[in-house]
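Here is the file coords_35.cif (mmCIF, C-alpha atoms).
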data_protein
#
loop_
_atom_site.label_atom_id
_atom_site.label_comp_id
_atom_site.auth_asym_id
_atom_site.auth_seq_id
_atom_site.Cartn_x
_atom_site.Cartn_y
_atom_site.Cartn_z
CA MET A 138 -12.95 -82.35 -8.95
CA TRP A 139 -14.43 -79.17 -7.53
CA VAL A 140 -10.94 -77.96 -6.59
CA LEU A 141 -9.85 -78.39 -10.19
CA ALA A 142 -12.92 -76.52 -11.37
CA LEU A 143 -12.12 -73.64 -9.02
CA ILE A 144 -8.55 -73.51 -10.30
CA PHE A 145 -9.77 -73.31 -13.92
CA LEU A 146 -12.31 -70.63 -12.95
CA ALA A 147 -9.66 -68.59 -11.16
CA ALA A 148 -7.28 -68.91 -14.12
CA ASP A 149 -10.05 -67.82 -16.48
CA CYS A 150 -10.83 -64.78 -14.32
CA VAL A 151 -7.16 -63.80 -14.11
CA PHE A 152 -6.75 -64.17 -17.91
CA SER A 153 -9.90 -62.13 -18.59
CA LEU A 154 -8.76 -59.43 -16.19
CA GLY A 155 -5.34 -59.38 -17.83
CA VAL A 156 -6.86 -58.94 -21.31
CA THR A 157 -9.08 -56.13 -20.04
CA LEU A 158 -6.22 -54.31 -18.31
CA TRP A 159 -4.00 -54.68 -21.40
CA VAL A 160 -6.68 -53.14 -23.63
CA ILE A 161 -7.32 -50.27 -21.20
CA CYS A 162 -3.63 -49.49 -20.71
CA SER A 163 -2.87 -49.64 -24.42
CA GLN A 164 -5.52 -46.95 -24.97
CA PHE A 165 -3.45 -44.39 -23.09
CA PHE A 166 -0.24 -45.18 -24.99
CA ILE A 167 -1.59 -45.64 -28.52
CA VAL A 168 -5.00 -44.01 -28.96
CA HIS A 169 -5.17 -40.25 -29.48
CA ILE A 170 -8.36 -38.33 -28.65
CA PRO A 171 -8.14 -34.78 -30.07
CA ALA A 172 -9.32 -31.97 -27.82
CA ALA A 173 -11.74 -30.75 -30.50
CA ILE A 174 -13.83 -33.93 -30.20
CA GLY A 175 -16.57 -33.34 -27.67
CA HIS A 176 -16.90 -35.82 -24.79
CA PRO A 177 -13.38 -37.31 -25.04
CA VAL A 178 -13.89 -39.60 -22.04
CA LYS A 179 -17.02 -41.04 -23.61
CA LEU A 180 -15.15 -41.75 -26.86
CA ARG A 181 -12.27 -43.37 -24.99
CA VAL A 182 -14.64 -45.67 -23.10
CA LEU A 183 -16.51 -46.53 -26.31
CA HIS A 184 -13.27 -47.36 -28.07
CA CYS A 185 -12.07 -49.43 -25.10
CA ILE A 186 -15.21 -51.55 -25.36
CA PHE A 187 -14.74 -51.93 -29.10
CA GLN A 188 -11.06 -52.85 -28.72
CA LEU A 189 -11.98 -55.37 -26.04
CA LEU A 190 -14.37 -57.02 -28.51
CA VAL A 191 -11.67 -56.97 -31.20
CA THR A 192 -9.13 -58.51 -28.81
CA TRP A 193 -11.45 -61.29 -27.67
CA GLY A 194 -12.44 -61.83 -31.29
CA MET A 195 -8.78 -62.27 -32.23
CA ILE A 196 -8.31 -64.72 -29.34
CA PHE A 197 -11.32 -66.76 -30.47
CA GLU A 198 -9.99 -66.63 -34.03
CA LYS A 199 -6.61 -68.01 -32.92
CA LEU A 200 -8.43 -70.77 -31.02
CA ARG A 201 -10.49 -71.46 -34.17
CA ILE A 202 -13.75 -70.94 -32.30
CA CYS A 203 -14.99 -68.21 -34.64
CA SER A 204 -13.54 -65.31 -36.61
CA MET A 205 -13.08 -61.87 -35.11
CA PRO A 206 -15.72 -60.26 -37.41
CA GLN A 207 -18.27 -62.97 -36.56
CA PHE A 208 -17.72 -62.43 -32.82
CA ILE A 209 -18.07 -58.64 -33.04
CA ARG A 210 -21.21 -58.87 -35.18
CA PHE A 211 -22.69 -61.41 -32.73
CA VAL A 212 -22.16 -59.06 -29.77
CA HIS A 213 -23.30 -55.95 -31.68
CA ASP A 214 -26.54 -57.69 -32.66
CA LEU A 215 -27.41 -58.83 -29.11
CA PRO A 216 -29.28 -55.69 -27.89
CA PRO A 217 -32.99 -55.76 -28.80
CA LEU A 218 -34.08 -53.33 -31.51
CA LYS A 219 -36.09 -50.25 -30.57
CA TYR A 220 -39.09 -49.79 -32.84
CA ASP A 221 -40.64 -46.40 -33.53
CA PRO A 222 -44.47 -46.56 -33.49
CA ASP A 223 -44.56 -44.19 -36.48
CA VAL A 224 -42.45 -46.49 -38.67
CA VAL A 225 -43.46 -49.85 -40.13
CA VAL A 226 -40.50 -52.23 -40.43
CA THR A 227 -40.65 -55.31 -42.65
CA ASP A 228 -37.97 -57.98 -43.01
CA PHE A 229 -37.78 -59.98 -46.22
CA ARG A 230 -35.36 -61.07 -48.94
CA PHE A 231 -34.62 -60.16 -52.51
CA GLY A 232 -33.68 -63.65 -53.64
CA THR A 233 -31.16 -64.66 -50.97
CA ILE A 234 -30.25 -61.10 -49.90
CA PRO A 235 -31.83 -60.00 -46.58
CA VAL A 236 -33.29 -56.50 -46.49
CA LYS A 237 -35.23 -54.30 -44.06
CA LEU A 238 -37.94 -52.00 -45.38
CA TYR A 239 -38.86 -48.90 -43.37
CA GLN A 240 -42.10 -47.11 -44.26
CA PRO A 241 -43.84 -44.16 -42.57
CA LYS A 242 -46.91 -45.48 -40.77
CA ALA A 243 -49.17 -42.58 -41.75
CA SER A 244 -50.99 -43.65 -44.90
CA THR A 245 -50.96 -41.30 -47.87
CA CYS A 246 -51.63 -41.53 -51.58
CA THR A 247 -48.59 -39.35 -52.33
CA LEU A 248 -45.48 -41.11 -53.59
CA LYS A 249 -42.49 -40.76 -51.27
CA PRO A 250 -38.75 -40.54 -51.80
CA GLY A 251 -36.97 -43.89 -51.71
CA ILE A 252 -33.61 -44.38 -49.98
CA VAL A 253 -31.46 -47.48 -50.44
CA TYR A 254 -29.08 -47.66 -47.46
CA TYR A 255 -25.83 -49.66 -47.36
CA HIS A 256 -24.30 -49.97 -43.90
CA GLY A 257 -20.60 -49.53 -43.17
CA GLY A 258 -18.18 -51.73 -41.26
CA VAL A 259 -15.18 -52.38 -43.55
CA GLY A 260 -16.88 -55.55 -44.79
CA ALA A 261 -16.28 -57.05 -41.34
CA VAL A 262 -18.60 -55.43 -38.79
CA GLY A 263 -21.93 -53.63 -39.05
CA SER A 264 -25.29 -55.16 -39.90
CA LEU A 265 -28.95 -54.43 -40.49
CA LYS A 266 -29.34 -54.31 -36.69
CA THR A 267 -26.48 -51.88 -35.97
CA HIS A 268 -27.93 -49.41 -38.47
CA HIS A 269 -31.59 -49.95 -37.57
CA GLY A 270 -31.77 -46.71 -35.58
CA ILE A 271 -30.27 -44.66 -38.41
CA CYS A 272 -32.66 -46.08 -41.01
CA SER A 273 -35.69 -45.75 -38.75
CA ARG A 274 -35.01 -42.08 -38.00
CA LEU A 275 -34.14 -41.36 -41.62
CA CYS A 276 -37.47 -42.85 -42.66
CA LYS A 277 -39.49 -40.90 -40.09
CA GLU A 278 -37.76 -37.53 -40.29
CA SER A 279 -37.46 -37.36 -44.10
CA ASP A 280 -40.86 -39.02 -44.70
CA SER A 281 -39.19 -41.53 -47.01
CA VAL A 282 -39.26 -45.24 -47.71
CA VAL A 283 -35.91 -46.71 -46.68
CA LEU A 284 -34.53 -50.05 -47.84
CA ALA A 285 -31.52 -51.31 -45.86
CA VAL A 286 -29.45 -54.03 -47.54
CA GLY A 287 -27.87 -56.86 -45.52
CA TYR A 288 -24.99 -57.85 -47.76
CA ARG A 289 -22.71 -60.83 -47.10
CA GLN A 290 -19.48 -60.13 -45.19
CA LEU A 291 -16.18 -61.49 -43.91
CA PRO A 292 -14.78 -63.99 -43.30
CA LYS A 293 -16.57 -66.08 -45.93
CA HIS A 294 -17.43 -63.35 -48.39
CA LYS A 295 -14.83 -60.93 -49.67
CA PHE A 296 -14.67 -58.25 -52.37
CA PRO A 297 -16.62 -57.91 -54.64
CA VAL A 298 -19.43 -60.01 -53.06
CA PRO A 299 -20.82 -57.19 -50.83
CA ILE A 300 -20.98 -54.85 -53.83
CA ARG A 301 -22.72 -57.43 -56.00
CA ASP A 302 -25.29 -58.09 -53.26
CA CYS A 303 -26.03 -54.38 -52.92
CA LEU A 304 -26.27 -53.88 -56.68
CA VAL A 305 -28.67 -56.82 -57.07
CA ALA A 306 -30.86 -55.64 -54.16
CA THR A 307 -30.95 -52.11 -55.59
CA ILE A 308 -32.05 -53.35 -59.00
CA HIS A 309 -34.79 -55.45 -57.35
CA PHE A 310 -35.97 -52.33 -55.50
CA LEU A 311 -35.89 -50.12 -58.60
CA LYS A 312 -38.02 -52.64 -60.47
CA SER A 313 -40.70 -52.71 -57.76
CA LEU A 314 -41.03 -49.09 -56.63
CA ASP A 315 -44.79 -49.08 -57.20
CA ALA A 316 -45.25 -51.81 -54.60
CA TYR A 317 -43.62 -49.62 -51.94
CA GLY A 318 -45.18 -46.27 -52.87
CA VAL A 319 -41.88 -44.76 -54.00
CA ASP A 320 -41.56 -41.90 -56.47
CA PRO A 321 -39.29 -43.20 -59.30
CA ALA A 322 -37.95 -39.67 -59.79
CA ARG A 323 -36.69 -39.46 -56.19
CA VAL A 324 -34.63 -42.57 -55.46
CA VAL A 325 -31.48 -41.97 -53.44
CA VAL A 326 -28.59 -44.32 -52.63
CA CYS A 327 -26.91 -43.72 -49.30
CA GLY A 328 -24.18 -45.32 -47.20
CA ASP A 329 -21.59 -44.76 -44.52
CA SER A 330 -17.92 -45.84 -44.64
CA LEU A 331 -17.69 -48.90 -46.93
CA GLY A 332 -21.42 -48.45 -47.57
CA GLY A 333 -20.69 -44.97 -48.92
CA GLY A 334 -18.21 -46.46 -51.36
CA ILE A 335 -20.78 -49.07 -52.37
CA ALA A 336 -23.35 -46.30 -52.95
CA THR A 337 -21.16 -44.53 -55.48
CA VAL A 338 -20.20 -47.83 -57.17
CA VAL A 339 -23.91 -48.62 -57.55
CA CYS A 340 -24.47 -45.16 -59.05
CA GLN A 341 -21.60 -45.65 -61.47
CA LYS A 342 -22.87 -49.09 -62.50
CA LEU A 343 -26.40 -47.83 -63.14
CA VAL A 344 -25.65 -44.71 -65.21
CA ASP A 345 -26.02 -46.75 -68.40
CA ARG A 346 -29.20 -48.59 -67.45
CA PRO A 347 -32.06 -46.83 -69.30
CA ASP A 348 -34.37 -49.72 -68.37
CA LEU A 349 -34.29 -48.62 -64.71
CA PRO A 350 -35.38 -45.40 -62.96
CA ARG A 351 -32.43 -43.02 -62.78
CA ILE A 352 -30.89 -42.53 -59.35
CA ARG A 353 -31.79 -38.99 -58.23
CA ALA A 354 -28.93 -38.48 -55.74
CA GLN A 355 -26.18 -40.20 -53.80
CA ILE A 356 -25.35 -39.56 -50.13
CA LEU A 357 -21.83 -40.48 -49.05
CA ILE A 358 -21.11 -40.42 -45.31
CA TYR A 359 -17.37 -40.55 -44.49
CA ALA A 360 -17.14 -42.92 -47.44
CA SER A 361 -14.30 -45.26 -48.40
CA LEU A 362 -13.64 -44.26 -52.01
CA GLN A 363 -10.09 -45.36 -52.85
CA ALA A 364 -7.62 -48.02 -51.69
CA LEU A 365 -4.51 -46.91 -53.55
CA ASP A 366 -3.00 -44.31 -51.24
CA LEU A 367 -2.82 -44.93 -47.49
CA GLN A 368 -0.52 -41.96 -46.89
CA THR A 369 -3.05 -39.18 -47.48
CA PRO A 370 -2.92 -36.28 -44.99
CA SER A 371 -5.99 -37.61 -43.14
CA PHE A 372 -4.59 -41.14 -42.91
CA GLN A 373 -1.37 -39.79 -41.39
CA GLN A 374 -3.20 -37.45 -39.03
CA SER A 375 -5.89 -39.85 -37.80
CA ARG A 376 -4.25 -43.28 -37.83
CA ASN A 377 -4.53 -43.55 -34.01
CA ILE A 378 -7.92 -41.90 -33.61
CA PRO A 379 -11.03 -44.04 -32.94
CA LEU A 380 -13.04 -45.67 -34.29
CA LEU A 381 -11.11 -46.53 -37.47
CA ASN A 382 -7.51 -46.80 -36.34
CA TRP A 383 -4.56 -48.23 -38.25
CA SER A 384 -4.45 -51.63 -36.50
CA PHE A 385 -8.11 -52.40 -37.21
CA ALA A 386 -7.82 -51.15 -40.80
CA CYS A 387 -4.73 -53.35 -41.29
CA TYR A 388 -6.75 -56.41 -40.33
CA CYS A 389 -9.87 -55.64 -42.38
CA PHE A 390 -8.33 -54.09 -45.50
CA PRO A 391 -6.32 -57.17 -46.65
CA GLN A 392 -9.07 -59.54 -45.51
CA TYR A 393 -11.73 -57.72 -47.51
CA LEU A 394 -9.60 -57.45 -50.67
CA ASP A 395 -8.24 -60.98 -50.20
CA PHE A 396 -4.48 -60.44 -50.16
CA SER A 397 -1.81 -61.15 -47.57
CA SER A 398 -1.46 -58.77 -44.64
CA SER A 399 2.32 -59.24 -44.92
CA TRP A 400 2.30 -56.51 -47.60
CA ARG A 401 1.26 -53.91 -45.02
CA GLU A 402 4.63 -52.13 -44.81
CA VAL A 403 5.07 -52.24 -48.59
CA ILE A 404 1.68 -50.57 -49.02
CA MET A 405 2.53 -47.92 -46.43
CA LYS A 406 5.66 -47.05 -48.44
CA GLY A 407 3.67 -46.82 -51.67
CA ALA A 408 5.76 -49.62 -53.19
CA HIS A 409 2.74 -51.74 -54.08
CA LEU A 410 2.10 -49.78 -57.28
CA PRO A 411 4.49 -48.83 -60.12
CA ALA A 412 5.46 -45.23 -60.84
CA LYS A 413 3.32 -45.12 -64.00
CA VAL A 414 0.19 -45.87 -61.92
CA TRP A 415 0.98 -43.15 -59.37
CA GLU A 416 1.60 -40.72 -62.20
CA LYS A 417 -1.64 -41.65 -63.98
CA TYR A 418 -3.83 -41.06 -60.94
CA ARG A 419 -1.93 -38.16 -59.38
CA LYS A 420 -4.31 -35.73 -61.13
CA TRP A 421 -7.10 -37.10 -58.91
CA LEU A 422 -5.25 -38.40 -55.82
CA GLY A 423 -2.37 -35.94 -55.42
CA PRO A 424 -2.26 -33.94 -52.14
CA GLU A 425 -2.42 -30.73 -54.17
CA ASN A 426 -6.12 -31.52 -54.67
CA ILE A 427 -6.71 -31.18 -50.93
CA PRO A 428 -7.16 -27.67 -49.47
CA GLU A 429 -4.12 -26.48 -47.50
CA ARG A 430 -6.05 -26.05 -44.27
CA PHE A 431 -6.48 -29.82 -44.08
CA LYS A 432 -2.73 -30.44 -44.31
CA LYS A 433 -1.60 -28.34 -41.36
CA ARG A 434 -2.03 -30.98 -38.64
CA GLY A 435 1.10 -33.13 -38.85
CA TYR A 436 1.16 -34.06 -42.54
CA ARG A 437 4.45 -35.04 -44.21
CA PRO A 438 4.50 -35.87 -47.95
CA ILE A 439 6.01 -39.32 -48.53
CA PRO A 440 7.04 -40.09 -52.12
CA PRO A 441 6.33 -43.71 -53.19
CA GLU A 442 9.27 -46.11 -53.13
CA PRO A 443 10.23 -48.28 -56.15
CA VAL A 444 7.61 -50.91 -56.89
CA ASN A 445 7.70 -54.35 -55.31
CA GLU A 446 6.58 -56.45 -58.29
CA ALA A 447 5.37 -59.37 -56.16
CA ALA A 448 3.22 -57.03 -54.07
CA TYR A 449 1.85 -55.32 -57.19
CA LEU A 450 0.73 -58.64 -58.67
CA GLU A 451 -1.23 -59.48 -55.52
CA VAL A 452 -2.48 -56.04 -54.53
CA SER A 453 -3.43 -54.64 -57.94
CA VAL A 454 -7.08 -55.30 -57.05
CA VAL A 455 -7.01 -51.78 -55.52
CA LEU A 456 -7.12 -50.45 -59.10
CA ASP A 457 -10.54 -51.99 -59.70
CA VAL A 458 -13.06 -49.13 -59.85
CA MET A 459 -15.46 -51.21 -57.74
CA CYS A 460 -12.83 -51.03 -55.00
CA SER A 461 -11.71 -47.46 -55.76
CA PRO A 462 -14.63 -45.61 -57.41
CA LEU A 463 -12.74 -42.34 -56.99
CA ILE A 464 -10.56 -43.29 -59.99
CA ALA A 465 -13.43 -44.07 -62.37
CA GLU A 466 -13.09 -42.38 -65.75
CA ASP A 467 -14.47 -38.90 -66.40
CA ASP A 468 -17.17 -40.10 -68.78
CA VAL A 469 -18.67 -42.12 -65.92
CA VAL A 470 -18.20 -39.66 -63.05
CA SER A 471 -19.61 -36.79 -65.10
CA GLN A 472 -22.93 -38.66 -65.43
CA LEU A 473 -23.40 -39.14 -61.70
CA PRO A 474 -26.37 -37.53 -59.95
CA GLU A 475 -26.46 -34.73 -57.41
CA THR A 476 -24.33 -35.69 -54.42
CA CYS A 477 -24.34 -35.02 -50.69
CA ILE A 478 -20.98 -35.65 -49.01
CA VAL A 479 -20.39 -35.77 -45.25
CA SER A 480 -16.79 -35.74 -44.04
CA CYS A 481 -15.36 -35.77 -40.52
CA GLU A 482 -12.21 -33.93 -39.48
CA TYR A 483 -10.82 -36.74 -37.32
CA ASP A 484 -11.29 -39.57 -39.77
CA ALA A 485 -8.59 -41.46 -41.67
CA LEU A 486 -10.91 -41.49 -44.70
CA ARG A 487 -11.63 -37.74 -44.64
CA ASP A 488 -9.53 -37.02 -47.72
CA ASP A 489 -11.42 -39.57 -49.81
CA SER A 490 -14.43 -37.30 -49.44
CA LEU A 491 -12.42 -34.15 -50.22
CA LEU A 492 -10.84 -35.68 -53.32
CA TYR A 493 -14.14 -37.02 -54.65
CA LYS A 494 -15.88 -33.73 -53.94
CA LYS A 495 -13.31 -31.95 -56.14
CA ARG A 496 -13.63 -34.54 -58.92
CA LEU A 497 -17.40 -34.23 -59.00
CA GLU A 498 -17.36 -30.43 -58.93
CA ASP A 499 -14.69 -30.26 -61.65
CA LEU A 500 -16.99 -32.36 -63.87
CA GLY A 501 -20.07 -30.22 -63.17
CA VAL A 502 -21.87 -32.57 -60.75
CA PRO A 503 -23.75 -30.57 -58.04
CA VAL A 504 -22.30 -31.29 -54.59
CA THR A 505 -23.61 -30.45 -51.14
CA TRP A 506 -20.81 -30.81 -48.61
CA HIS A 507 -21.06 -31.00 -44.83
CA HIS A 508 -17.83 -31.14 -42.84
CA MET A 509 -18.03 -32.09 -39.16
CA LYS A 510 -15.17 -30.33 -37.39
CA ASP A 511 -15.68 -32.46 -34.27
CA GLY A 512 -16.54 -35.68 -36.12
CA PHE A 513 -14.76 -39.03 -36.20
CA HIS A 514 -15.22 -42.17 -38.27
CA GLY A 515 -18.34 -44.10 -37.32
CA VAL A 516 -19.92 -41.29 -35.29
CA LEU A 517 -23.32 -41.61 -37.00
CA THR A 518 -23.81 -45.10 -35.54
CA THR A 519 -23.90 -43.59 -32.04
CA ILE A 520 -27.18 -41.81 -32.81
CA ASP A 521 -29.26 -44.32 -30.80
CA MET A 522 -26.61 -45.40 -28.27
CA SER A 523 -28.02 -43.48 -25.28
CA PHE A 524 -24.96 -42.81 -23.08
CA PHE A 525 -22.56 -43.10 -26.03
CA HIS A 526 -24.53 -40.71 -28.24
CA PHE A 527 -22.48 -37.86 -29.74
CA PRO A 528 -24.26 -34.62 -30.80
CA CYS A 529 -22.36 -34.73 -34.11
CA SER A 530 -24.43 -37.78 -35.14
CA THR A 531 -27.65 -35.77 -34.85
CA ARG A 532 -26.19 -32.95 -36.94
CA ILE A 533 -25.27 -35.44 -39.66
CA LEU A 534 -28.76 -36.94 -39.67
CA ASN A 535 -30.34 -33.47 -39.81
CA ALA A 536 -28.12 -32.60 -42.80
CA LEU A 537 -29.21 -35.78 -44.61
CA VAL A 538 -32.90 -35.10 -43.92
CA HIS A 539 -32.59 -31.51 -45.15
CA PHE A 540 -30.88 -32.70 -48.34
CA ILE A 541 -33.50 -35.36 -49.06
CA LYS A 542 -36.41 -33.00 -48.47
CA GLY A 543 -34.86 -30.56 -50.94
CA LEU A 544 -34.83 -33.04 -53.82
#
Can the structure from this file be put into structure tokens for me?
Amino acid sequence: MWVLALIFLAADCVFSLGVTLWVICSQFFIVHIPAAIGHPVKLRVLHCIFQLLVTWGMIFEKLRICSMPQFIRFVHDLPPLKYDPDVVVTDFRFGTIPVKLYQPKASTCTLKPGIVYYHGGVGAVGSLKTHHGICSRLCKESDSVVLAVGYRQLPKHKFPVPIRDCLVATIHFLKSLDAYGVDPARVVVCGDSLGGGIATVVCQKLVDRPDLPRIRAQILIYASLQALDLQTPSFQQSRNIPLLNWSFACYCFPQYLDFSSSWREVIMKGAHLPAKVWEKYRKWLGPENIPERFKKRGYRPIPPEPVNEAAYLEVSVVLDVMCSPLIAEDDVVSQLPETCIVSCEYDALRDDSLLYKKRLEDLGVPVTWHHMKDGFHGVLTTIDMSFFHFPCSTRILNALVHFIKGL
């Protein structure tokens, strides 16, 4: 019996080693780390670890043990949280929606700014725990009350469930600002990646709610703002750059929007939407809206192919403004509050920020823009990762704090 056990143990070790070596080797053939990103070795190691989690998650998913997103979230949430003695953290729920409230410990009778934070993660990864460090530092350094929303995620909950959860939690918060010592004239919505897209959807949904305090500003950190065009200059340039590469996006994107991943190549060719749709939204999505300096690094315009009607019927959810807030009508976008946008050069979603920045400015909405020339998607989450910390994350946080203090 013990011989059999040893054989199984040896086989398990060999398999685990093989998976690890495959992930490491694939990094050198597929993943591209631009020279302009500081600490390239650190980023490569970080991405190797992430890809190892994704690979094991996919294996467990095939074995029907758990889904890949569940496995990654489980591992990400294992490290104990670090609590700042100057910040009071309270866990509770708005109905069934879990939230974390961060309040400066120093007591004062002065009302403080309120920040509602929606974490990123493509609807698959990310949690209240992964963004605890960001929210804690944001609370302390901007002297604000921060509410982080723990919305439901994949695999059980797809679009638009995360958005509905965030909208409901935000309304709860807006109706109880007095209880948290928040100034109703200084409430900000903020998010990174998918959370940035959720922040602007929440803003758009609340512009016609006179019964609630008006949102003072929105902060969008490398936000996901449209799902129509996956051949933007930044998507072409950064498809193999961590942490949001093409393979991971191809898994999460169809899962989140609940359509078959078999349409991937059709979407890449632009054949998932008819010509009349491309023509309608070209005024907002066309590459001519992106400054030329962002198109110099390996961009090739690809005209959309004739529509695949079957794909269009299944994938037309991308035209929902809750999925693609960048294409909301002018009468909505023009009412949005002052906006702070953070974009990163080496991010597949960079052009979402550039396109939305232009739309807002064209409609007279004040925009503060910070572009991180050495930034990559997800860099802000490294702010409390010790060895894996990137200086760019601190610069982003400092920019957010400066913006909030100026409101």
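Rounded to one decimal, CA of Ser330 in chain A and CA of Phe296 in chain A lie 15.0 Å from each other.
Between Cys387 in chain A and the candidates A:Ile404, A:Leu343, A:Ala448, A:Leu180, the tightest atom-to-atom separation, counting all atoms listed in the file, involves A:Ile404.
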Do a neighbour search on Lys277 in chain A at 9 Å with all atoms listed in the file, toss out local chain neighbours closer than 4 positions, and write the hits as a JSON list (two decimals) with C-alpha atoms, keeping the file's coordinate frame.
[["chain", "number", "residue", "atom", "x", "y", "z"],
["A", 221, "ASP", "CA", -40.64, -46.40, -33.53],
["A", 223, "ASP", "CA", -44.56, -44.19, -36.48],
["A", 224, "VAL", "CA", -42.45, -46.49, -38.67],
["A", 239, "TYR", "CA", -38.86, -48.90, -43.37],
["A", 240, "GLN", "CA", -42.10, -47.11, -44.26],
["A", 241, "PRO", "CA", -43.84, -44.16, -42.57],
["A", 242, "LYS", "CA", -46.91, -45.48, -40.77],
["A", 272, "CYS", "CA", -32.66, -46.08, -41.01],
["A", 273, "SER", "CA", -35.69, -45.75, -38.75],
["A", 281, "SER", "CA", -39.19, -41.53, -47.01],
["A", 282, "VAL", "CA", -39.26, -45.24, -47.71]]
On this structure, the PyMOL selection byres ((chain A and resi 531-538) around 12) would catch which residues? List them as a ChimeraX atom specification, sorted by chain and number. /A:250,252,270-281,325-329,354-359,476-481,505-513,515-522,526-530,539-544
Gap from CA of Val225 in chain A to CA of Thr267 in chain A - Å, one decimal: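 Atom-to-atom, CA of Val225 in chain A and CA of Thr267 in chain A are spaced 17.6 Å apart.
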